[in-house]
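This is protein03.cif (mmCIF, C-alpha atoms).
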```
data_upload
loop_
_atom_site.group_PDB
_atom_site.id
_atom_site.type_symbol
_atom_site.label_atom_id
_atom_site.label_comp_id
_atom_site.auth_asym_id
_atom_site.auth_seq_id
_atom_site.Cartn_x
_atom_site.Cartn_y
_atom_site.Cartn_z
ATOM 1 C CA MET K 1 73.162 -14.582 -23.912
ATOM 2 C CA LEU K 2 75.688 -13.709 -21.216
ATOM 3 C CA SER K 3 75.172 -16.557 -18.761
ATOM 4 C CA ASN K 4 78.639 -18.072 -18.885
ATOM 5 C CA PRO K 5 81.923 -16.874 -17.385
ATOM 6 C CA GLN K 6 83.720 -16.427 -20.720
ATOM 7 C CA GLU K 7 81.051 -14.160 -22.201
ATOM 8 C CA THR K 8 80.747 -12.144 -19.005
ATOM 9 C CA ILE K 9 84.544 -11.677 -18.874
ATOM 10 C CA ARG K 10 84.522 -10.622 -22.539
ATOM 11 C CA VAL K 11 81.873 -7.957 -21.957
ATOM 12 C CA ILE K 12 83.614 -6.675 -18.812
ATOM 13 C CA LYS K 13 87.004 -6.407 -20.564
ATOM 14 C CA GLU K 14 85.585 -4.962 -23.760
ATOM 15 C CA ASN K 15 83.971 -2.137 -21.795
ATOM 16 C CA ASN K 16 86.798 -1.665 -19.274
ATOM 17 C CA PHE K 17 84.304 -2.207 -16.481
ATOM 18 C CA THR K 18 85.492 -2.502 -12.886
ATOM 19 C CA PHE K 19 83.304 -3.840 -10.091
ATOM 20 C CA ARG K 20 82.301 -1.238 -7.522
ATOM 21 C CA LYS K 21 82.245 -2.517 -3.951
ATOM 22 C CA ASN K 22 79.931 0.282 -2.831
ATOM 23 C CA TYR K 23 77.245 -1.152 -5.148
ATOM 24 C CA GLY K 24 77.754 -4.759 -4.036
ATOM 25 C CA GLN K 25 78.022 -6.037 -7.605
ATOM 26 C CA ASN K 26 78.032 -9.814 -8.169
ATOM 27 C CA PHE K 27 76.903 -10.850 -11.668
ATOM 28 C CA LEU K 28 75.053 -14.129 -12.248
ATOM 29 C CA ILE K 29 76.801 -16.492 -14.672
ATOM 30 C CA ASP K 30 74.733 -19.674 -14.326
ATOM 31 C CA SER K 31 71.791 -20.162 -16.708
ATOM 32 C CA HIS K 32 70.268 -22.926 -14.556
ATOM 33 C CA VAL K 33 69.911 -20.490 -11.666
ATOM 34 C CA ILE K 34 68.364 -17.897 -13.977
ATOM 35 C CA ASP K 35 65.842 -20.495 -15.148
ATOM 36 C CA LYS K 36 64.958 -21.179 -11.491
ATOM 37 C CA ILE K 37 64.397 -17.469 -10.867
ATOM 38 C CA ILE K 38 62.059 -17.145 -13.851
ATOM 39 C CA ALA K 39 60.183 -20.308 -12.863
ATOM 40 C CA ALA K 40 59.818 -19.153 -9.240
ATOM 41 C CA ALA K 41 58.541 -15.757 -10.380
ATOM 42 C CA GLU K 42 55.980 -17.517 -12.625
ATOM 43 C CA ILE K 43 56.755 -15.308 -15.608
ATOM 44 C CA ASP K 44 55.108 -15.804 -18.976
ATOM 45 C CA LYS K 45 54.401 -13.760 -22.121
ATOM 46 C CA SER K 46 51.652 -11.818 -20.341
ATOM 47 C CA THR K 47 53.943 -10.647 -17.511
ATOM 48 C CA LYS K 48 55.351 -7.155 -17.102
ATOM 49 C CA VAL K 49 58.569 -7.247 -15.073
ATOM 50 C CA LEU K 50 60.432 -4.679 -13.011
ATOM 51 C CA GLU K 51 64.070 -5.718 -12.624
ATOM 52 C CA ILE K 52 66.184 -4.040 -9.956
ATOM 53 C CA GLY K 53 69.909 -3.826 -10.704
ATOM 54 C CA PRO K 54 70.304 -5.507 -14.107
ATOM 55 C CA GLY K 55 74.127 -5.331 -14.040
ATOM 56 C CA ILE K 56 75.380 -6.135 -17.535
ATOM 57 C CA GLY K 57 71.991 -7.533 -18.554
ATOM 58 C CA THR K 58 72.412 -11.285 -18.088
ATOM 59 C CA LEU K 59 69.171 -11.949 -16.230
ATOM 60 C CA THR K 60 67.512 -9.140 -18.209
ATOM 61 C CA GLN K 61 68.001 -11.008 -21.497
ATOM 62 C CA TYR K 62 66.312 -14.139 -20.136
ATOM 63 C CA LEU K 63 63.495 -12.061 -18.681
ATOM 64 C CA ALA K 64 62.997 -10.328 -22.042
ATOM 65 C CA GLU K 65 62.702 -13.728 -23.745
ATOM 66 C CA ALA K 66 60.145 -14.974 -21.195
ATOM 67 C CA ALA K 67 58.064 -11.886 -20.386
ATOM 68 C CA GLU K 68 55.914 -9.369 -22.244
ATOM 69 C CA SER K 69 58.166 -6.494 -21.189
ATOM 70 C CA VAL K 70 60.979 -5.613 -18.782
ATOM 71 C CA THR K 71 61.700 -2.303 -17.085
ATOM 72 C CA ALA K 72 65.193 -2.420 -15.554
ATOM 73 C CA VAL K 73 66.373 0.169 -13.011
ATOM 74 C CA GLU K 74 70.160 0.492 -12.709
ATOM 75 C CA ILE K 75 71.922 2.896 -10.330
ATOM 76 C CA ASP K 76 75.484 2.560 -11.754
ATOM 77 C CA ASP K 77 75.969 5.072 -14.580
ATOM 78 C CA LYS K 78 78.915 3.057 -15.918
ATOM 79 C CA LEU K 79 76.611 0.123 -16.667
ATOM 80 C CA ILE K 80 74.103 2.102 -18.747
ATOM 81 C CA PRO K 81 76.183 2.119 -21.990
ATOM 82 C CA ILE K 82 76.962 -1.583 -21.496
ATOM 83 C CA LEU K 83 73.268 -2.371 -21.141
ATOM 84 C CA GLU K 84 72.547 -0.419 -24.306
ATOM 85 C CA LYS K 85 74.819 -2.877 -26.125
ATOM 86 C CA THR K 86 73.859 -6.152 -24.458
ATOM 87 C CA LEU K 87 70.125 -5.414 -24.688
ATOM 88 C CA ALA K 88 70.170 -3.867 -28.171
ATOM 89 C CA ASP K 89 68.293 -6.840 -29.667
ATOM 90 C CA TYR K 90 65.355 -6.579 -27.252
ATOM 91 C CA ASP K 91 62.701 -4.003 -28.085
ATOM 92 C CA ASN K 92 60.635 -4.988 -25.040
ATOM 93 C CA VAL K 93 63.242 -3.730 -22.531
ATOM 94 C CA ASN K 94 63.343 -0.237 -21.041
ATOM 95 C CA VAL K 95 66.377 0.727 -18.937
ATOM 96 C CA ILE K 96 66.029 3.502 -16.351
ATOM 97 C CA HIS K 97 69.137 5.038 -14.813
ATOM 98 C CA GLY K 98 68.298 5.737 -11.171
ATOM 99 C CA ASP K 99 67.964 4.619 -7.565
ATOM 100 C CA ILE K 100 65.095 2.152 -7.056
ATOM 101 C CA LEU K 101 64.403 3.702 -3.631
ATOM 102 C CA LYS K 102 63.617 7.030 -5.343
ATOM 103 C CA GLN K 103 61.402 5.732 -8.159
ATOM 104 C CA ASP K 104 57.619 6.095 -8.347
ATOM 105 C CA ILE K 105 57.195 2.439 -9.227
ATOM 106 C CA GLY K 106 53.418 2.497 -9.423
ATOM 107 C CA ALA K 107 53.577 5.289 -12.013
ATOM 108 C CA ILE K 108 55.965 3.297 -14.213
ATOM 109 C CA PHE K 109 53.305 0.658 -14.842
ATOM 110 C CA GLY K 110 50.272 2.940 -14.802
ATOM 111 C CA GLY K 111 48.260 0.712 -12.506
ATOM 112 C CA GLU K 112 48.797 -2.449 -14.583
ATOM 113 C CA PRO K 113 49.908 -5.647 -12.776
ATOM 114 C CA PHE K 114 53.626 -6.444 -12.714
ATOM 115 C CA LYS K 115 56.193 -8.585 -10.915
ATOM 116 C CA ILE K 116 59.542 -7.616 -9.434
ATOM 117 C CA VAL K 117 62.679 -9.680 -10.076
ATOM 118 C CA ALA K 118 66.165 -8.838 -8.815
ATOM 119 C CA ASN K 119 69.640 -10.049 -7.982
ATOM 120 C CA LEU K 120 69.976 -7.642 -5.059
ATOM 121 C CA PRO K 121 73.192 -6.214 -3.598
ATOM 122 C CA TYR K 122 73.472 -7.888 -0.209
ATOM 123 C CA TYR K 123 74.361 -4.726 1.697
ATOM 124 C CA ILE K 124 71.009 -3.099 0.860
ATOM 125 C CA THR K 125 68.726 -6.144 0.560
ATOM 126 C CA THR K 126 66.585 -5.488 3.625
ATOM 127 C CA PRO K 127 66.061 -1.728 3.060
ATOM 128 C CA ILE K 128 64.951 -2.338 -0.544
ATOM 129 C CA ILE K 129 62.570 -5.188 0.272
ATOM 130 C CA MET K 130 61.059 -3.458 3.290
ATOM 131 C CA ASN K 131 60.631 -0.243 1.314
ATOM 132 C CA LEU K 132 58.770 -2.154 -1.401
ATOM 133 C CA LEU K 133 56.561 -3.944 1.128
ATOM 134 C CA GLU K 134 55.871 -1.047 3.496
ATOM 135 C CA SER K 135 55.040 1.350 0.665
ATOM 136 C CA ARG K 136 52.703 -1.348 -0.657
ATOM 137 C CA VAL K 137 54.116 -1.214 -4.163
ATOM 138 C CA PRO K 138 51.376 -2.915 -6.234
ATOM 139 C CA ALA K 139 53.543 -5.774 -7.507
ATOM 140 C CA ASP K 140 52.019 -9.248 -7.569
ATOM 141 C CA SER K 141 55.252 -10.723 -6.234
ATOM 142 C CA ILE K 142 58.905 -9.982 -5.502
ATOM 143 C CA THR K 143 61.371 -12.708 -6.515
ATOM 144 C CA VAL K 144 64.914 -11.932 -5.451
ATOM 145 C CA MET K 145 68.376 -13.397 -5.125
ATOM 146 C CA ILE K 146 69.635 -12.525 -1.661
ATOM 147 C CA GLN K 147 72.050 -13.757 0.989
ATOM 148 C CA LYS K 148 70.873 -17.179 2.210
ATOM 149 C CA GLU K 149 71.049 -16.125 5.841
ATOM 150 C CA VAL K 150 68.596 -13.285 5.139
ATOM 151 C CA ALA K 151 66.265 -15.572 3.158
ATOM 152 C CA ASP K 152 66.217 -18.007 6.089
ATOM 153 C CA ARG K 153 65.273 -15.167 8.434
ATOM 154 C CA MET K 154 62.467 -14.004 6.152
ATOM 155 C CA LYS K 155 60.716 -17.370 6.199
ATOM 156 C CA ALA K 156 61.593 -18.409 9.777
ATOM 157 C CA GLU K 157 58.895 -19.585 12.197
ATOM 158 C CA PRO K 158 58.505 -18.713 15.920
ATOM 159 C CA GLY K 159 60.970 -20.472 18.194
ATOM 160 C CA SER K 160 63.682 -20.978 15.567
ATOM 161 C CA LYS K 161 67.127 -19.367 15.762
ATOM 162 C CA ASP K 162 66.525 -17.375 12.556
ATOM 163 C CA TYR K 163 63.195 -15.957 13.728
ATOM 164 C CA GLY K 164 63.116 -12.243 14.431
ATOM 165 C CA ALA K 165 61.737 -8.822 13.557
ATOM 166 C CA LEU K 166 62.502 -9.297 9.837
ATOM 167 C CA SER K 167 60.537 -12.577 9.770
ATOM 168 C CA LEU K 168 57.469 -10.872 11.226
ATOM 169 C CA ALA K 169 57.747 -7.795 9.016
ATOM 170 C CA VAL K 170 58.038 -9.776 5.780
ATOM 171 C CA GLN K 171 55.311 -12.251 6.737
ATOM 172 C CA TYR K 172 52.917 -9.438 7.638
ATOM 173 C CA TYR K 173 53.020 -8.169 4.047
ATOM 174 C CA ALA K 174 53.841 -11.272 2.004
ATOM 175 C CA ASP K 175 53.916 -15.061 1.777
ATOM 176 C CA PRO K 176 57.586 -16.145 1.467
ATOM 177 C CA TYR K 177 58.671 -19.212 -0.538
ATOM 178 C CA LEU K 178 62.312 -20.340 -0.685
ATOM 179 C CA ALA K 179 62.783 -21.438 -4.297
ATOM 180 C CA ALA K 180 66.478 -22.373 -4.480
ATOM 181 C CA ASN K 181 69.809 -22.274 -2.687
ATOM 182 C CA VAL K 182 72.648 -20.893 -4.816
ATOM 183 C CA PRO K 183 76.389 -21.483 -4.210
ATOM 184 C CA PRO K 184 79.026 -18.719 -4.612
ATOM 185 C CA ASN K 185 80.442 -20.184 -7.855
ATOM 186 C CA CYS K 186 77.315 -19.051 -9.729
ATOM 187 C CA PHE K 187 78.496 -15.427 -9.546
ATOM 188 C CA MET K 188 81.293 -13.218 -10.778
ATOM 189 C CA PRO K 189 83.008 -12.175 -8.626
ATOM 190 C CA ARG K 190 82.207 -14.880 -6.097
ATOM 191 C CA PRO K 191 80.556 -13.617 -2.909
ATOM 192 C CA ASN K 192 81.843 -14.860 0.443
ATOM 193 C CA VAL K 193 78.433 -16.241 1.443
ATOM 194 C CA GLY K 194 75.782 -18.584 0.117
ATOM 195 C CA SER K 195 72.756 -17.143 -1.667
ATOM 196 C CA ALA K 196 69.122 -18.060 -2.147
ATOM 197 C CA VAL K 197 66.190 -17.251 -4.413
ATOM 198 C CA ILE K 198 63.090 -16.286 -2.453
ATOM 199 C CA ARG K 199 59.656 -15.314 -3.758
ATOM 200 C CA LEU K 200 57.474 -12.988 -1.713
ATOM 201 C CA LYS K 201 53.852 -13.089 -2.873
ATOM 202 C CA ARG K 202 52.276 -9.826 -1.806
ATOM 203 C CA LEU K 203 49.171 -10.189 0.337
ATOM 204 C CA GLU K 204 46.146 -8.096 -0.605
ATOM 205 C CA GLU K 205 45.376 -7.976 3.114
ATOM 206 C CA PRO K 206 47.726 -8.953 5.968
ATOM 207 C CA PHE K 207 47.149 -12.328 7.641
ATOM 208 C CA VAL K 208 46.301 -10.512 10.873
ATOM 209 C CA LYS K 209 44.265 -7.446 11.771
ATOM 210 C CA VAL K 210 45.809 -4.861 14.071
ATOM 211 C CA LYS K 211 44.592 -1.409 15.113
ATOM 212 C CA ASP K 212 47.964 0.316 14.713
ATOM 213 C CA GLU K 213 50.659 -1.232 12.488
ATOM 214 C CA ARG K 214 53.362 1.184 13.606
ATOM 215 C CA HIS K 215 52.695 0.447 17.268
ATOM 216 C CA MET K 216 52.847 -3.313 16.650
ATOM 217 C CA PHE K 217 56.181 -3.062 14.853
ATOM 218 C CA LYS K 218 57.617 -0.939 17.679
ATOM 219 C CA LEU K 219 56.682 -3.765 20.045
ATOM 220 C CA ILE K 220 58.296 -6.289 17.707
ATOM 221 C CA ARG K 221 61.518 -4.284 17.469
ATOM 222 C CA ALA K 222 61.595 -3.966 21.250
ATOM 223 C CA ALA K 223 61.012 -7.703 21.703
ATOM 224 C CA PHE K 224 63.988 -8.632 19.524
ATOM 225 C CA ASN K 225 66.315 -5.784 20.455
ATOM 226 C CA GLN K 226 67.391 -7.896 23.431
ATOM 227 C CA ARG K 227 65.909 -11.230 22.501
ATOM 228 C CA ARG K 228 67.138 -13.148 25.570
ATOM 229 C CA LYS K 229 65.069 -10.913 27.850
ATOM 230 C CA THR K 230 61.455 -11.660 28.680
ATOM 231 C CA LEU K 231 59.062 -9.656 26.534
ATOM 232 C CA ALA K 232 57.921 -7.571 29.511
ATOM 233 C CA ASN K 233 61.498 -6.556 30.340
ATOM 234 C CA ALA K 234 62.443 -5.937 26.706
ATOM 235 C CA VAL K 235 59.458 -3.678 26.013
ATOM 236 C CA LYS K 236 59.525 -1.518 29.152
ATOM 237 C CA ASN K 237 60.866 1.934 28.396
ATOM 238 C CA PHE K 238 61.925 0.950 24.854
ATOM 239 C CA GLU K 239 62.349 3.991 22.606
ATOM 240 C CA GLY K 240 58.917 5.168 21.447
ATOM 241 C CA LEU K 241 57.084 3.049 24.031
ATOM 242 C CA SER K 242 56.225 4.020 27.609
ATOM 243 C CA TYR K 243 54.995 0.847 29.284
ATOM 244 C CA SER K 244 56.073 -0.483 32.635
ATOM 245 C CA ARG K 245 56.854 -4.158 33.071
ATOM 246 C CA GLU K 246 53.640 -4.571 35.047
ATOM 247 C CA GLU K 247 51.531 -3.086 32.241
ATOM 248 C CA VAL K 248 53.040 -5.485 29.715
ATOM 249 C CA GLU K 249 52.619 -8.449 32.090
ATOM 250 C CA ASN K 250 48.965 -7.546 32.674
ATOM 251 C CA ALA K 251 48.349 -7.364 28.927
ATOM 252 C CA LEU K 252 50.036 -10.754 28.430
ATOM 253 C CA THR K 253 47.909 -12.269 31.208
ATOM 254 C CA SER K 254 44.730 -10.891 29.647
ATOM 255 C CA LEU K 255 45.649 -12.756 26.454
ATOM 256 C CA GLY K 256 46.354 -16.000 28.309
ATOM 257 C CA LEU K 257 50.121 -15.739 27.714
ATOM 258 C CA ASP K 258 52.917 -16.481 30.204
ATOM 259 C CA THR K 259 54.292 -13.263 31.722
ATOM 260 C CA ARG K 260 57.810 -14.710 31.301
ATOM 261 C CA VAL K 261 57.406 -15.322 27.563
ATOM 262 C CA ARG K 262 60.089 -14.078 25.173
ATOM 263 C CA GLY K 263 59.327 -12.378 21.892
ATOM 264 C CA GLU K 264 60.807 -15.244 19.877
ATOM 265 C CA ALA K 265 57.914 -17.469 21.024
ATOM 266 C CA LEU K 266 55.150 -15.232 19.674
ATOM 267 C CA GLY K 267 53.710 -15.193 16.163
ATOM 268 C CA LEU K 268 52.099 -12.322 14.273
ATOM 269 C CA GLN K 269 48.678 -13.070 15.749
ATOM 270 C CA GLU K 270 49.999 -12.770 19.312
ATOM 271 C CA PHE K 271 51.925 -9.576 18.603
ATOM 272 C CA ALA K 272 48.866 -8.010 16.981
ATOM 273 C CA ALA K 273 46.706 -8.970 19.957
ATOM 274 C CA LEU K 274 49.308 -7.639 22.415
ATOM 275 C CA SER K 275 49.578 -4.383 20.472
ATOM 276 C CA ASP K 276 45.811 -3.921 20.561
ATOM 277 C CA ALA K 277 45.669 -4.761 24.286
ATOM 278 C CA LEU K 278 48.358 -2.203 25.142
ATOM 279 C CA SER K 279 47.198 0.572 22.819
#
```
Would you put the structure from the file into structure tokens?
Amino acid sequence: MLSNPQETIRVIKENNFTFRKNYGQNFLIDSHVIDKIIAAAEIDKSTKVLEIGPGIGTLTQYLAEAAESVTAVEIDDKLIPILEKTLADYDNVNVIHGDILKQDIGAIFGGEPFKIVANLPYYITTPIIMNLLESRVPADSITVMIQKEVADRMKAEPGSKDYGALSLAVQYYADPYLAANVPPNCFMPRPNVGSAVIRLKRLEEPFVKVKDERHMFKLIRAAFNQRRKTLANAVKNFEGLSYSREEVENALTSLGLDTRVRGEALGLQEFAALSDALS
């Protein structure tokens, strides 16, 4: 097992590995945090796991011990030979060299249920998660280590400072649960920010019904593009939308909402209703 600084340093030195900033590499070195990830993901011997970015295989080893099987997708070609060594004792692990954003994930598991687990690079956290959610990858859940600030935004409620377009997008597709906060000293090298483990349980059907998802999310982006503006002023003439302030105000009135309301005060239900009223 690699979950201590000395063993991680040994593996890095032995393989002459250097961290690549463009891949945002921060390796986990705390076994207690790994245990929290596995517990949050609710993994047992019947679980198939997709791991994104296994690094040198620290979390992968624990996943292999807990799960039925692990498929790990790693983009850094220099880590593939290291993973072949650190995971040599696990015949239930399959490592794929590639970009997770270019994988046909559904095909990997042939329609069988699986869960996603990852210690994600912070610079690409949101694109990866939104790609997984928007493409409706058939995973039961996505349990990830991400920047704490981003985790707080994903689970934020209307009216809070962290609430925004990301909150609404994630909560449309999934039910977020913040499982643990993780300090920088649990990684090598240490990141400059705090981290958190969040589980996103994929919803079979969204909490709300809306006629046109794309239209609703355009409204949401407009509402938070200039969040201090009233919704009517923020939406008018926003890229991809062609509503006047009066049209938006009339739609808000028809829904019993204040014409001076800001986007940060509305929940998914209100945005869906507004989208339907305007479209």
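With all atoms listed in the file as the atoms that count, the residue of K:Ala151, K:Ala232, K:Leu133, K:Met145 with the shortest distance to Tyr163 in chain K is K:Ala151.
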Hey, what comes out of the PyMOL selection byres ((chain K and resi 121) around 9) on this file? Could you write it as a PDB file with C-alpha atoms, keeping the file's coordinate frame?
```pdb
ATOM      1  CA  TYR K  23      77.245  -1.152  -5.148  1.00  0.00           C
ATOM      2  CA  GLY K  24      77.754  -4.759  -4.036  1.00  0.00           C
ATOM      3  CA  GLN K  25      78.022  -6.037  -7.605  1.00  0.00           C
ATOM      4  CA  ASN K  26      78.032  -9.814  -8.169  1.00  0.00           C
ATOM      5  CA  GLY K  53      69.909  -3.826 -10.704  1.00  0.00           C
ATOM      6  CA  ASN K 119      69.640 -10.049  -7.982  1.00  0.00           C
ATOM      7  CA  LEU K 120      69.976  -7.642  -5.059  1.00  0.00           C
ATOM      8  CA  TYR K 122      73.472  -7.888  -0.209  1.00  0.00           C
ATOM      9  CA  TYR K 123      74.361  -4.726   1.697  1.00  0.00           C
ATOM     10  CA  ILE K 124      71.009  -3.099   0.860  1.00  0.00           C
ATOM     11  CA  THR K 125      68.726  -6.144   0.560  1.00  0.00           C
ATOM     12  CA  MET K 145      68.376 -13.397  -5.125  1.00  0.00           C
ATOM     13  CA  ILE K 146      69.635 -12.525  -1.661  1.00  0.00           C
ATOM     14  CA  GLN K 147      72.050 -13.757   0.989  1.00  0.00           C
TER      15      GLN K 147
END
```
*Fewer than 4 positions away in the same chain doesn't count, so skip those; otherwise give me all residues within 12 Å of Ala88 in chain K, counting only C-alpha atoms, as a list in words.*
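Near Ala88 in chain K, the qualifying residues are Met1, Gly57, Thr60, Gln61, Ala64, Ile80, Pro81, Ile82, Leu83, Glu84, Asn92, Val93, Asn94 and Val95 of chain K.
For the residues K:Lys36, K:Lys21, K:Lys229, K:Lys236, ranking by smallest atom-to-atom distance to Ala180 in chain K using only C-alpha atoms places K:Lys36 first.
Proximity ranking of K:Ile198, K:Ala139, K:Cys186, K:Ala251 relative to Ile29 in chain K places K:Cys186 first, based on only C-alpha atoms.
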*Please provide as a list of chain:residue names all residues within 12 Å of Gly240 in chain K, with the sequence filter that same-chain residues fewer than 6 positions apart are discarded (counting all atoms listed in the file).*
K:Arg214, K:His215, K:Met216, K:Phe217, K:Lys218, K:Leu219, K:Arg221, K:Ala222
Generate a file of the selected residues that holds C-alpha atoms, formatted as a PDB file, in the frame of the given file.
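Written file, out.pdb:
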```pdb
ATOM      1  CA  ARG K 214      53.362   1.184  13.606  1.00  0.00           C
ATOM      2  CA  HIS K 215      52.695   0.447  17.268  1.00  0.00           C
ATOM      3  CA  MET K 216      52.847  -3.313  16.650  1.00  0.00           C
ATOM      4  CA  PHE K 217      56.181  -3.062  14.853  1.00  0.00           C
ATOM      5  CA  LYS K 218      57.617  -0.939  17.679  1.00  0.00           C
ATOM      6  CA  LEU K 219      56.682  -3.765  20.045  1.00  0.00           C
ATOM      7  CA  ARG K 221      61.518  -4.284  17.469  1.00  0.00           C
ATOM      8  CA  ALA K 222      61.595  -3.966  21.250  1.00  0.00           C
TER       9      ALA K 222
END
```
*Looking at all atoms listed in the file, which of K:Leu2, K:Ile12, K:Val70, K:Ile43 is the one that sits closest to Pro189 in chain K?*
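That would be K:Ile12, the residue with the smallest distance to Pro189 in chain K.
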*asked:* Ranking K:Glu213, K:Asn16, K:Gly256, K:Ala196 by minimum distance to Thr143 in chain K and counting all atoms listed in the file, which one comes first?
replied: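 Smallest distance to Thr143 in chain K is found for K:Ala196.
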*Selection under test: the PyMOL selection byres ((chain K and resi 276) around 10); residues as an NGL selection string*: :K and (209-213 or 215-216 or 251 or 270-275 or 277-279)
Okay, now the selection with C-alpha atoms, as an mmCIF file, keeping the file's coordinate frame?
```cif
data_model
loop_
_atom_site.group_PDB
_atom_site.id
_atom_site.type_symbol
_atom_site.label_atom_id
_atom_site.label_comp_id
_atom_site.auth_asym_id
_atom_site.auth_seq_id
_atom_site.Cartn_x
_atom_site.Cartn_y
_atom_site.Cartn_z
ATOM 1 C CA LYS K 209 44.265 -7.446 11.771
ATOM 2 C CA VAL K 210 45.809 -4.861 14.071
ATOM 3 C CA LYS K 211 44.592 -1.409 15.113
ATOM 4 C CA ASP K 212 47.964 0.316 14.713
ATOM 5 C CA GLU K 213 50.659 -1.232 12.488
ATOM 6 C CA HIS K 215 52.695 0.447 17.268
ATOM 7 C CA MET K 216 52.847 -3.313 16.650
ATOM 8 C CA ALA K 251 48.349 -7.364 28.927
ATOM 9 C CA GLU K 270 49.999 -12.770 19.312
ATOM 10 C CA PHE K 271 51.925 -9.576 18.603
ATOM 11 C CA ALA K 272 48.866 -8.010 16.981
ATOM 12 C CA ALA K 273 46.706 -8.970 19.957
ATOM 13 C CA LEU K 274 49.308 -7.639 22.415
ATOM 14 C CA SER K 275 49.578 -4.383 20.472
ATOM 15 C CA ALA K 277 45.669 -4.761 24.286
ATOM 16 C CA LEU K 278 48.358 -2.203 25.142
ATOM 17 C CA SER K 279 47.198 0.572 22.819
#
```
*Target residues per the PyMOL selection byres ((chain K and resi 54) around 8), formatted as number ranges by chain*: K: 51-53, 55-60, 72-74, 118-119
_Proximity to Glu157 in chain K - best of K:Asp30, K:Arg228, K:Pro176, K:Thr47, all atoms listed in the file_ =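 So, comparing all the options, the nearest one is K:Pro176.
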*Near Ala223 in chain K, counting only C-alpha atoms, which residues have an atom at most 6 Å away, once you skip same-chain residues fewer than 4 positions from it, shown as number ranges by chain?*
K: 231, 234, 263
*Report the distance between CA of Arg199 in chain K and CA of Ile142 in chain K in Å, rounded to one decimal place.*
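Answer for the CA of Arg199 in chain K to CA of Ile142 in chain K separation: 5.7 Å.
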_Residues within 10 Å of (67.9, -17.1, 6.4), file coordinates, counting all atoms listed in the file: what are they? Give the list as a list in words._
Ile146, Gln147, Lys148, Glu149, Val150, Ala151, Asp152, Arg153, Met154, Lys155, Ala156, Lys161, Asp162, Tyr163, Ser167, Leu178, Ser195 and Ala196 of chain K
*Would you be able to write out as JSON, numbers by chain which residues have an atom within 8 Å of (61.6, -14.4, -20.8) in the file's coordinates, counting all atoms listed in the file?*
{"K": [38, 43, 44, 45, 61, 62, 63, 64, 65, 66, 67, 68]}
*Please indicate the distance in Å from CA of Val11 in chain K to CA of Lys85 in chain K, rounded to one decimal place.*
9.6 Å
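Pairwise distance (CA of Pro184 in chain K, CA of Leu166 in chain K) equals 23.9 Å.
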Adding 8 Å on each side of the box along x, y and z that holds all listed atoms of range 181-189 of chain K, could you give its centre and edge lengths in Å to one decimal, as JSON?
```
{"center_x": 76.4, "center_y": -17.2, "center_z": -6.7, "size_x": 29.2, "size_y": 26.1, "size_z": 24.1}
```
Just the residues within 10 Å of Ala41 in chain K, please, counting only C-alpha atoms, with nothing from its chain fewer than 6 positions along; format it as a PDB file with C-alpha atoms, in the coordinates of the input.
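Result written to part-v3.pdb:
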```pdb
ATOM      1  CA  ASP K  35      65.842 -20.495 -15.148  1.00  0.00           C
ATOM      2  CA  THR K  47      53.943 -10.647 -17.511  1.00  0.00           C
ATOM      3  CA  VAL K  49      58.569  -7.247 -15.073  1.00  0.00           C
ATOM      4  CA  LYS K 115      56.193  -8.585 -10.915  1.00  0.00           C
ATOM      5  CA  ILE K 116      59.542  -7.616  -9.434  1.00  0.00           C
ATOM      6  CA  VAL K 117      62.679  -9.680 -10.076  1.00  0.00           C
ATOM      7  CA  ASP K 140      52.019  -9.248  -7.569  1.00  0.00           C
ATOM      8  CA  SER K 141      55.252 -10.723  -6.234  1.00  0.00           C
ATOM      9  CA  ILE K 142      58.905  -9.982  -5.502  1.00  0.00           C
ATOM     10  CA  THR K 143      61.371 -12.708  -6.515  1.00  0.00           C
ATOM     11  CA  VAL K 144      64.914 -11.932  -5.451  1.00  0.00           C
ATOM     12  CA  ALA K 179      62.783 -21.438  -4.297  1.00  0.00           C
ATOM     13  CA  VAL K 197      66.190 -17.251  -4.413  1.00  0.00           C
ATOM     14  CA  ILE K 198      63.090 -16.286  -2.453  1.00  0.00           C
ATOM     15  CA  ARG K 199      59.656 -15.314  -3.758  1.00  0.00           C
ATOM     16  CA  LEU K 200      57.474 -12.988  -1.713  1.00  0.00           C
ATOM     17  CA  LYS K 201      53.852 -13.089  -2.873  1.00  0.00           C
TER      18      LYS K 201
END
```
